[in-house]
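For reference, the structure is listed below as structure tokens.
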Amino acid sequence: MRLAILAAGLLLISANTALSQTETDAGGTLNPEELTLNRVMKDVAEGRTSMTICATGYYITKSGRHEMARELFERCAAAGWTHAMTWMSQLEDNGLGGPEDPDTAAEWDRRAAEAGDPIGKLNYGLDLMRGRGVMENRALGRQYIDEAARSGLPTAKRLRAADYDLDVVTPDADNWKYAPAF
């Protein structure tokens with residue numbers, strides 16, 4: 001008799017588990033992951049981007065997960081988010097999550113600038129003035145910086161007010177990095 005009751009109980013538990021799984025499958029996930037990096041990366045992988053999702057890349061980068069940040073920023077940049085383009089430039093320029101690549105960094109800056117992003121304009125202007133990742137063109141670099149300043153970007157305004165003295169925006173500790181390669 002005990003064996004029959006135990007078997008009936010197991011059968012009932014098994015049926016409830018199957019029913020519960022069916023309801024979950026039919027109605028979606030009952031308790032989806034939210035506010036996690038896994039969820040953010042899943043959304044990005046599925047083609048969903050937003051300002052909030054793309055901004056999460058900042059925290060991912062600051063936590064040292066540069067490969068994950070690259071994946072997020074590349075997808076966000078492809079969706080037109082210009083801040084993701086400037087972050088890709090930062091990753092490339094500093095060799096975070098990959099080798100240092102000034103040419104690719106300057107290309108990201110150019111794309112952000114052409115999309116109208118003031119930070120992209122400032123950064124591309126700096127690239128042009130330094131000749132880092134692109135051929136040096138100080139006059140064109142100043143034009144981009146002027147556009148960023150007209151957009152209200154304080155750093156661009158400060159640089160323009162200092163007659164484009166690059167030391168105003170770059171610590172002297174970085175001079176080695178921006179020195180001509182030849």
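Lettering and numbering for the structure tokens are positional, with chains as A, B, ... in the shown order, residues counted from 1 in each chain, and ligands counted from 1 in the shown order.
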
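Near Thr155 (chain A), within 10 Å and counting only C-alpha atoms, sit Ile119, Leu122, Ile145, Ala148, Ala149, Gly152, Arg158, Leu159, Arg160, Ala161, Val168 and Val169 of chain A; same-chain residues fewer than 3 positions away were not included.
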
task = Do a neighbour search on Leu126 (chain A) at 12 Å with only C-alpha atoms, toss out local chain neighbours closer than 4 positions, and write the hits as an NGL selection string.
result = :A and (105-106 or 109-110 or 113 or 119-122 or 130-146 or 148 or 155-156 or 159-160 or 164-170 or 178)

Going by DSSP on the backbone, which bits of region 34-116 of chain A are alpha helix (DSSP H)? Write them as a compact mmCIF listing (two decimals) with N, CA, C and O atoms, in the first residue's frame, please.
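Just written: result39.txt:
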```
# COMPACT_ATOMS: atom_id res chain seq x y z
N LEU A 37 24.38 42.11 -16.61
CA LEU A 37 25.19 42.19 -17.83
C LEU A 37 24.80 41.10 -18.81
O LEU A 37 24.82 41.31 -20.02
N ASN A 38 24.43 39.92 -18.28
CA ASN A 38 23.99 38.84 -19.18
C ASN A 38 22.78 39.29 -19.98
O ASN A 38 22.68 39.02 -21.18
N ARG A 39 21.84 39.96 -19.34
CA ARG A 39 20.63 40.42 -20.03
C ARG A 39 20.99 41.48 -21.07
O ARG A 39 20.49 41.46 -22.19
N VAL A 40 21.86 42.40 -20.72
CA VAL A 40 22.28 43.44 -21.65
C VAL A 40 22.91 42.80 -22.89
O VAL A 40 22.56 43.14 -24.02
N MET A 41 23.82 41.87 -22.68
CA MET A 41 24.51 41.25 -23.81
C MET A 41 23.55 40.38 -24.63
O MET A 41 23.68 40.30 -25.85
N LYS A 42 22.58 39.76 -23.99
CA LYS A 42 21.57 38.99 -24.72
C LYS A 42 20.75 39.92 -25.60
O LYS A 42 20.51 39.63 -26.78
N ASP A 43 20.32 41.06 -25.04
CA ASP A 43 19.56 42.03 -25.83
C ASP A 43 20.36 42.53 -27.03
O ASP A 43 19.85 42.60 -28.14
N VAL A 44 21.62 42.84 -26.80
CA VAL A 44 22.48 43.34 -27.88
C VAL A 44 22.66 42.26 -28.95
O VAL A 44 22.57 42.54 -30.14
N ALA A 45 22.88 41.02 -28.51
CA ALA A 45 23.05 39.92 -29.47
C ALA A 45 21.80 39.71 -30.31
O ALA A 45 21.88 39.28 -31.46
N MET A 51 19.71 53.72 -25.61
CA MET A 51 20.67 54.56 -24.91
C MET A 51 21.12 53.88 -23.62
O MET A 51 22.31 53.85 -23.30
N THR A 52 20.19 53.29 -22.90
CA THR A 52 20.52 52.64 -21.63
C THR A 52 21.41 51.43 -21.84
O THR A 52 22.41 51.25 -21.14
N ILE A 53 21.05 50.60 -22.79
CA ILE A 53 21.86 49.41 -23.07
C ILE A 53 23.26 49.81 -23.50
O ILE A 53 24.25 49.29 -23.00
N CYS A 54 23.35 50.76 -24.43
CA CYS A 54 24.66 51.17 -24.94
C CYS A 54 25.51 51.85 -23.85
O CYS A 54 26.72 51.67 -23.81
N ALA A 55 24.87 52.61 -22.97
CA ALA A 55 25.60 53.27 -21.88
C ALA A 55 26.16 52.26 -20.89
O ALA A 55 27.15 52.54 -20.20
N THR A 56 25.58 51.08 -20.82
CA THR A 56 26.09 50.04 -19.93
C THR A 56 27.52 49.67 -20.29
O THR A 56 28.29 49.23 -19.43
N GLY A 57 27.89 49.86 -21.54
CA GLY A 57 29.26 49.58 -21.96
C GLY A 57 30.31 50.33 -21.17
O GLY A 57 31.42 49.85 -20.97
N TYR A 58 29.95 51.54 -20.71
CA TYR A 58 30.87 52.32 -19.88
C TYR A 58 31.24 51.53 -18.62
O TYR A 58 32.41 51.41 -18.28
N TYR A 59 30.24 50.99 -17.95
CA TYR A 59 30.49 50.22 -16.73
C TYR A 59 31.22 48.92 -17.03
O TYR A 59 32.06 48.48 -16.25
N ILE A 60 30.91 48.32 -18.16
CA ILE A 60 31.61 47.10 -18.55
C ILE A 60 33.08 47.40 -18.78
O ILE A 60 33.96 46.67 -18.33
N THR A 61 33.36 48.51 -19.46
CA THR A 61 34.75 48.91 -19.71
C THR A 61 35.47 49.20 -18.40
O THR A 61 36.59 48.73 -18.18
N LYS A 62 34.84 49.96 -17.53
CA LYS A 62 35.47 50.32 -16.27
C LYS A 62 35.70 49.11 -15.37
O LYS A 62 36.58 49.14 -14.51
N HIS A 66 36.97 44.34 -21.28
CA HIS A 66 37.09 45.09 -22.53
C HIS A 66 36.58 44.34 -23.75
O HIS A 66 36.02 44.95 -24.66
N GLU A 67 36.75 43.02 -23.78
CA GLU A 67 36.22 42.26 -24.92
C GLU A 67 34.69 42.35 -24.96
O GLU A 67 34.11 42.53 -26.03
N MET A 68 34.06 42.24 -23.80
CA MET A 68 32.61 42.35 -23.72
C MET A 68 32.17 43.77 -24.11
O MET A 68 31.19 43.95 -24.85
N ALA A 69 32.92 44.77 -23.66
CA ALA A 69 32.60 46.16 -24.01
C ALA A 69 32.71 46.37 -25.51
O ALA A 69 31.86 47.04 -26.11
N ARG A 70 33.75 45.80 -26.12
CA ARG A 70 33.90 45.92 -27.58
C ARG A 70 32.69 45.35 -28.31
O ARG A 70 32.19 45.95 -29.25
N GLU A 71 32.24 44.19 -27.88
CA GLU A 71 31.09 43.56 -28.52
C GLU A 71 29.87 44.47 -28.43
O GLU A 71 29.17 44.71 -29.42
N LEU A 72 29.63 44.99 -27.24
CA LEU A 72 28.48 45.87 -27.04
C LEU A 72 28.63 47.16 -27.85
O LEU A 72 27.72 47.55 -28.58
N PHE A 73 29.78 47.81 -27.76
CA PHE A 73 29.97 49.09 -28.45
C PHE A 73 29.93 48.93 -29.97
O PHE A 73 29.40 49.79 -30.67
N GLU A 74 30.48 47.84 -30.50
CA GLU A 74 30.44 47.64 -31.95
C GLU A 74 29.00 47.51 -32.44
O GLU A 74 28.62 48.09 -33.46
N ARG A 75 28.19 46.78 -31.71
CA ARG A 75 26.79 46.62 -32.11
C ARG A 75 26.01 47.92 -31.96
O ARG A 75 25.17 48.25 -32.78
N CYS A 76 26.29 48.65 -30.89
CA CYS A 76 25.61 49.93 -30.68
C CYS A 76 26.05 50.94 -31.74
O CYS A 76 25.22 51.71 -32.25
N ALA A 77 27.33 50.94 -32.08
CA ALA A 77 27.82 51.84 -33.12
C ALA A 77 27.17 51.51 -34.46
O ALA A 77 26.79 52.41 -35.21
N ALA A 78 27.03 50.24 -34.76
CA ALA A 78 26.38 49.83 -36.01
C ALA A 78 24.93 50.30 -36.05
O ALA A 78 24.39 50.56 -37.13
N THR A 82 26.39 57.26 -31.47
CA THR A 82 27.70 57.89 -31.65
C THR A 82 28.58 57.78 -30.41
O THR A 82 29.81 57.70 -30.55
N HIS A 83 28.01 57.76 -29.22
CA HIS A 83 28.86 57.62 -28.03
C HIS A 83 29.55 56.26 -28.03
O HIS A 83 30.67 56.14 -27.53
N ALA A 84 28.91 55.26 -28.60
CA ALA A 84 29.55 53.95 -28.71
C ALA A 84 30.75 54.03 -29.66
O ALA A 84 31.76 53.36 -29.45
N MET A 85 30.65 54.87 -30.69
CA MET A 85 31.77 55.07 -31.61
C MET A 85 32.95 55.71 -30.89
O MET A 85 34.10 55.29 -31.09
N THR A 86 32.68 56.70 -30.05
CA THR A 86 33.78 57.35 -29.34
C THR A 86 34.41 56.40 -28.32
O THR A 86 35.62 56.45 -28.08
N TRP A 87 33.59 55.51 -27.74
CA TRP A 87 34.16 54.52 -26.82
C TRP A 87 34.99 53.48 -27.58
O TRP A 87 36.04 53.02 -27.09
N MET A 88 34.55 53.11 -28.76
CA MET A 88 35.36 52.18 -29.57
C MET A 88 36.70 52.81 -29.88
O MET A 88 37.74 52.15 -29.83
N SER A 89 36.70 54.10 -30.17
CA SER A 89 37.95 54.81 -30.42
C SER A 89 38.85 54.74 -29.20
O SER A 89 40.06 54.48 -29.31
N GLN A 90 38.27 54.95 -28.03
CA GLN A 90 39.06 54.92 -26.80
C GLN A 90 39.66 53.54 -26.58
O GLN A 90 40.83 53.42 -26.20
N LEU A 91 38.89 52.49 -26.82
CA LEU A 91 39.40 51.13 -26.66
C LEU A 91 40.54 50.87 -27.64
O LEU A 91 41.58 50.30 -27.27
N GLU A 92 40.35 51.27 -28.90
CA GLU A 92 41.39 51.06 -29.93
C GLU A 92 42.64 51.88 -29.62
O GLU A 92 43.76 51.38 -29.76
N ASP A 93 42.45 53.13 -29.22
CA ASP A 93 43.58 54.02 -28.99
C ASP A 93 44.44 53.58 -27.82
O ASP A 93 45.64 53.83 -27.79
N ASN A 94 43.83 52.90 -26.86
CA ASN A 94 44.56 52.49 -25.66
C ASN A 94 44.85 51.00 -25.60
O ASN A 94 45.38 50.52 -24.60
N PRO A 102 45.89 53.08 -33.51
CA PRO A 102 45.52 54.49 -33.70
C PRO A 102 44.75 54.74 -35.00
O PRO A 102 43.90 55.63 -35.04
N ASP A 103 45.03 53.97 -36.05
CA ASP A 103 44.32 54.17 -37.32
C ASP A 103 42.84 53.86 -37.17
O ASP A 103 41.97 54.63 -37.62
N THR A 104 42.53 52.75 -36.53
CA THR A 104 41.13 52.37 -36.32
C THR A 104 40.47 53.34 -35.33
O THR A 104 39.30 53.70 -35.50
N ALA A 105 41.22 53.78 -34.33
CA ALA A 105 40.68 54.75 -33.37
C ALA A 105 40.27 56.03 -34.09
O ALA A 105 39.18 56.56 -33.87
N ALA A 106 41.14 56.52 -34.97
CA ALA A 106 40.83 57.75 -35.72
C ALA A 106 39.62 57.54 -36.63
O ALA A 106 38.80 58.45 -36.81
N GLU A 107 39.49 56.35 -37.19
CA GLU A 107 38.33 56.06 -38.04
C GLU A 107 37.04 56.10 -37.24
O GLU A 107 36.02 56.62 -37.70
N TRP A 108 37.06 55.56 -36.01
CA TRP A 108 35.88 55.64 -35.16
C TRP A 108 35.56 57.10 -34.84
O TRP A 108 34.39 57.51 -34.84
N ASP A 109 36.60 57.90 -34.55
CA ASP A 109 36.38 59.32 -34.28
C ASP A 109 35.77 60.02 -35.49
O ASP A 109 34.86 60.84 -35.36
N ARG A 110 36.28 59.70 -36.67
CA ARG A 110 35.75 60.31 -37.90
C ARG A 110 34.28 59.97 -38.08
O ARG A 110 33.46 60.84 -38.39
N ARG A 111 33.94 58.72 -37.87
CA ARG A 111 32.54 58.30 -38.02
C ARG A 111 31.63 59.03 -37.05
O ARG A 111 30.54 59.49 -37.41
N ALA A 112 32.07 59.16 -35.80
CA ALA A 112 31.27 59.88 -34.80
C ALA A 112 31.15 61.35 -35.18
O ALA A 112 30.07 61.94 -35.06
N ALA A 113 32.25 61.94 -35.64
CA ALA A 113 32.23 63.35 -36.04
C ALA A 113 31.28 63.57 -37.21
O ALA A 113 30.47 64.51 -37.21
N GLU A 114 31.36 62.71 -38.20
CA GLU A 114 30.49 62.85 -39.37
C GLU A 114 29.02 62.62 -39.02
O GLU A 114 28.14 63.14 -39.71
```

ask   = Quick one, how far is CA of Pro171 (chain A) from CA of Asp101 (chain A)?
value = 20.4 Å
